[in-house]
Amino acid sequence: MTKLIGQRAVASLLSLLVLMVLVFFLSRLTGDPAVLFLPIDATEEMKEQFRVLHGLDRPLLEQFNQYVLDLLQFDFGDSLRKARPALDLVLEAYAWTLPLALLTMTFVITAAIILGSLAAFKVGGFFDRLVSIVSLVGASAPDFWIAIVAIMVFSLSLGWLPTSGVGSVAHWILPMAVLFIRPFGLIVQVVRSSMLSAQSSAYVKTARAKGVKNLRLIFIHTLRNGMLPVITVIGDQAAAMLNGAVIVETIFGFPGVGKLMIDSILQRDFNVVLAAILVTAVAIFLMNILIDIAYGLLDPRIRQ
Amino acid sequence: MKPLLVGALLASTSVTSALAQTGTDITVVLSEELDLVEPCMATRSNIGRVIMQNISETLTELDVRGDAGLMPRLAESWEDKGNGTWQFKLRQGVTFSDGSAFDAGDVKHSFDRVFSEAITCESKRYFADTKLTFDVVDDTTINVKAEPAQPILPLLMSLVTIVPSETPMEFVRDPIGTGPYVMTEWTAGQQIVLDRRDGYWGAQPAVTKATYVFRSEPAVRAGMVAAGEADIAPQITAEAADNPATDFAYPNSETVYLRLENLDAPTSDIRIRKALNAAIDREAFIGTLLPAGTELAVAMVPPTTLGWNPNLKPPAFDPELAKQLIAEAKADGVDTSLPIEIIARTENFPNVTEVAEALTQMLTDVGFNASLRMVEVAEHEQFYSKPYPEFEGTRLVVAQHDNSRGDPVFSMFFKYASDGTQSGVADPALDEMIAKASAATGDERAALWSETFAYVHDTIVADVLLFHMVGLSRVSERLDFTPTIATNAQLQLSEINFK
């Protein structure tokens, strides 16, 4: 297991290095930040002054060398637009994205596993059909539409929840609920189909013949073996959330890393883009390690 | 446990909403977060709405609510001393929010920052071709010499905010100003809070505290005012503006037009330019894709600008005339089949894609070989500003230009002079007219600009002027506040009262 994690770590580190080089050069092909920072009628002299101040007038390779040297000292440079350390901006945004992603995924995983397992127990029954319909709607409904409708219903019509912002616990309910729906829809379907194939296994039939009670049969015998594909999908969905939930952040005014990253790309704020990508990549790398450990815990063959 | 949790959550919500509506504190919901809260960047609209005349003040101020013209603010009076020199007499007894006294040295330092090589201040662009020399006569008198002479120097003073002499030559995060408010909190990504301060030299405003929050989605901004979570949403869309009691339309000083390249075929032929103008049914956009109240444009600047020419009329929608003009040009050897690519920027203004699609279709209907290309902001800039990329036909750039400064000089050189950054015109006669109008003063200045507008619109038909846009604001019913043409660039809290 340790060897597996070690191999993963080395591979991820190499991927990170390649990613950083690619993003550095590709981002600089997308346009001149001076044009976007300054007004449309700024003089050429002002644009050149901006480039000189931020080292953008220097040859690209020289900029890259400087960037690598700074990076070795964990210096990502300042945001071109906000005049603040890029890493600070990204970490501040992650302080919002991380709890939002962790809490939402905890609810998603718990609900999807319980409901997906129970649905698979009596295929074609009322509960199975209900879960299937709800999960299909959840997996296919657009976040943007759900978010706006949720605000109209729960904030404007009923007045139960605030429309947006992060001022109190109540502010988290709508963003989390909207974020919950799509991954829940996907994962509950994977749990259901995975449980269905596990149920046809000989060991489940044996356990049933031995008189093992239903709940124990579902959640102890079947679920453990049915979880491997589910964990893979959970990993994908969690990675998407760690990238930030751009639509939810945009609509609910949630200051997470997704909107920061998109805004920085649009504004050619190179240092913030690079910092955000690197931090996100590290977060996803750590999450993949956790997924590998989970695989190992569930399946002894992987540990060996 | 569960009912308890739900109850606690709902209780916290109602407390939050109630606080937003309490007494003389207000909440303003803006469409984008501020990157900086730097006084020398206050001419950028999203920064200006928070800083301009709230935290930091200028020497002069343009009256946008009445017809007082240029009014005193930190300068009590000004006088043209000749030879390009203006003398400004400063207000006495003014202090900054850090307690230090305001004097002429602060004015000089504020301009030193604007022109500093160490930071890129936005307001520097207004002095691009002018060298300013500051002579501090005494604490309350300063002479400013402009080379070449700048007849609208007092107006330009309304664009530069004054900071204390101690302000460093770098962007600050805790702006100090002479305004009636002081910034007491800036939580990045969440909110900015301004508190009314004691010791302001002028009358105390009614608003005691303003909290600025940021939401990108217009429906959410409108919803926040409707739900009582905010008091003013300066920018909402027509779709969200469904309550006549709280929603106001106001001219927002933006003009939308199609920039033509007068040197490219086929738009180098004036008949083609006239045909483009005749092919567009401008009225059809208003009240449909664009909000009611939008006006047809006949100049690059809004009607409140100096030298506005009331005699200019928008071109009539006449597709038959357009077809006839194209046929005449073709008969004289103009290649009217050359491609015309319309370049428009996504999110430039509400419904920009639909507006650009309709424009393209109208041009196609009269026989132009027109196509549409939607681009994002950085790519749009490549087409909008010189040097323009080569193309086998010509490109028509859908652009929006803002001039709430009261004088055409902020628009006309850039958009129409041969050396103008976004100009599609190279006409020596027009260059001379712009130069003469820019150098003139008083009534002569107004008359010269008026003639220039007519020359651009009727004589050379330089472009396809389309609309003077309106903005839509939602204002809580508890406030006594009407948005103005300046609301696009600044939101003075002192203009807000309670019913």
# chains A, B, ... in the order shown; residues from 1 in each chain; ligands from 1
>>> interface_residues(of="chain A", to="chain B", cutoff="7 Å", atoms="only C-alpha atoms", output="number ranges by chain")
A: 31, 36, 38, 41-43, 46, 49-50, 81-82, 156, 160-163, 168-170, 250-251, 253, 255
>>> residues_around(residues="B:Lys274", least_positions_apart="3", cutoff="10 Å", atoms="only C-alpha atoms", output="ChimeraX atom specification")
/B:267,269-271,277-279,315,321-322,325-326,458,460-464
>>> residues_around(residues="A:Ser201", least_positions_apart="4", cutoff="10 Å", atoms="only C-alpha atoms", output="CSV table (one decimal) with C-alpha atoms, in the first residue's frame")
chain,number,residue,atom,x,y,z
A,196,LEU,CA,-27.6,-4.9,-8.3
A,197,SER,CA,-24.6,-6.7,-9.8
A,205,LYS,CA,-27.0,-15.7,-2.3
A,206,THR,CA,-25.2,-17.9,0.3
A,222,THR,CA,-23.3,-6.4,-0.5
A,225,ASN,CA,-18.1,-5.2,-2.6
>>> atom_distance(atom1="atom CA of B:Trp86", atom2="atom CA of B:Val144")
5.3 Å
>>> residues_around(residues="B:Ala292", least_positions_apart="2", cutoff="10 Å", atoms="only C-alpha atoms", output="ChimeraX atom specification")
/B:238,249,285-290,294-295,469-470
>>> write_last_selection(atoms="C-alpha atoms", output="PDB file, in the first residue's frame")
ATOM      1  CA  ALA B 238     -34.935  44.687 -17.949  1.00  0.00           C
ATOM      2  CA  ALA B 249     -34.544  53.662 -15.727  1.00  0.00           C
ATOM      3  CA  PHE B 285     -34.871  47.242 -30.681  1.00  0.00           C
ATOM      4  CA  ILE B 286     -36.366  49.582 -28.099  1.00  0.00           C
ATOM      5  CA  GLY B 287     -38.796  47.990 -25.685  1.00  0.00           C
ATOM      6  CA  THR B 288     -37.874  44.562 -27.041  1.00  0.00           C
ATOM      7  CA  LEU B 289     -34.194  43.682 -26.833  1.00  0.00           C
ATOM      8  CA  LEU B 290     -33.317  46.974 -25.175  1.00  0.00           C
ATOM      9  CA  THR B 294     -33.309  53.806 -24.706  1.00  0.00           C
ATOM     10  CA  GLU B 295     -32.746  56.726 -27.096  1.00  0.00           C
ATOM     11  CA  MET B 469     -28.451  53.305 -23.414  1.00  0.00           C
ATOM     12  CA  VAL B 470     -30.368  53.359 -20.163  1.00  0.00           C
TER      13      VAL B 470
END
>>> closest_residue(among="B:Gln490, B:Thr187, B:Ser253, B:Thr95", to="A:Gly167", atoms="only C-alpha atoms")
B:Thr187
>>> residues_around(residues="stretch 63-78 of chain B", least_positions_apart="4", cutoff="9 Å", atoms="only C-alpha atoms", output="MDAnalysis selection string")
chainID B and resid 57:59 86:92 94 140 154:155 158 162 178 304 404 406 484:486
>>> residues_around(residues="B:Trp308", least_positions_apart="5", cutoff="12 Å", atoms="only C-alpha atoms", output="JSON, numbers by chain")
{"B": [297, 298, 299, 300, 301, 302, 303, 406, 407, 408, 445, 446, 447, 448, 449, 450, 451, 452, 453, 454]}
>>> residues_around(residues="A:Arg224", least_positions_apart="6", cutoff="12 Å", atoms="only C-alpha atoms", output="VMD selection string")
chain A and resid 113 117 191 194 to 195 198 to 199 204 216 to 218 230 to 231 294 to 300
>>> select_by_dssp(residues="stretch 317-454 of chain B", states="strand (DSSP E)", output="ChimeraX atom specification")
/B:340-345,370-375,394-402
>>> write_last_selection(atoms="C-alpha atoms", output="compact mmCIF listing (two decimals), in the first residue's frame")
# COMPACT_ATOMS: atom_id res chain seq x y z
CA ILE B 340 -18.59 42.29 -43.66
CA GLU B 341 -17.82 40.72 -40.31
CA ILE B 342 -19.63 42.12 -37.30
CA ILE B 343 -17.57 41.80 -34.14
CA ALA B 344 -19.46 41.95 -30.84
CA ARG B 345 -18.36 41.29 -27.30
CA ALA B 370 -22.64 40.08 -43.38
CA SER B 371 -21.71 37.58 -40.68
CA LEU B 372 -21.44 37.77 -36.91
CA ARG B 373 -18.55 36.86 -34.64
CA MET B 374 -19.03 37.03 -30.86
CA VAL B 375 -15.76 37.35 -28.95
CA THR B 394 -14.21 44.96 -43.52
CA ARG B 395 -15.13 44.55 -39.89
CA LEU B 396 -17.90 46.41 -38.09
CA VAL B 397 -17.22 46.51 -34.38
CA VAL B 398 -20.20 46.71 -32.03
CA ALA B 399 -18.89 48.88 -29.22
CA GLN B 400 -20.21 50.74 -26.21
CA HIS B 401 -18.64 54.04 -25.19
CA ASP B 402 -19.15 55.86 -21.89
>>> closest_residue(among="A:Trp172, A:Tyr94, A:Trp145, A:Phe184", to="A:Ser132", atoms="only C-alpha atoms")
A:Phe184
>>> select_by_dssp(residues="stretch 108-140 of chain B", states="alpha helix (DSSP H)", output="PyMOL selection string")
chain B and resi 108-115
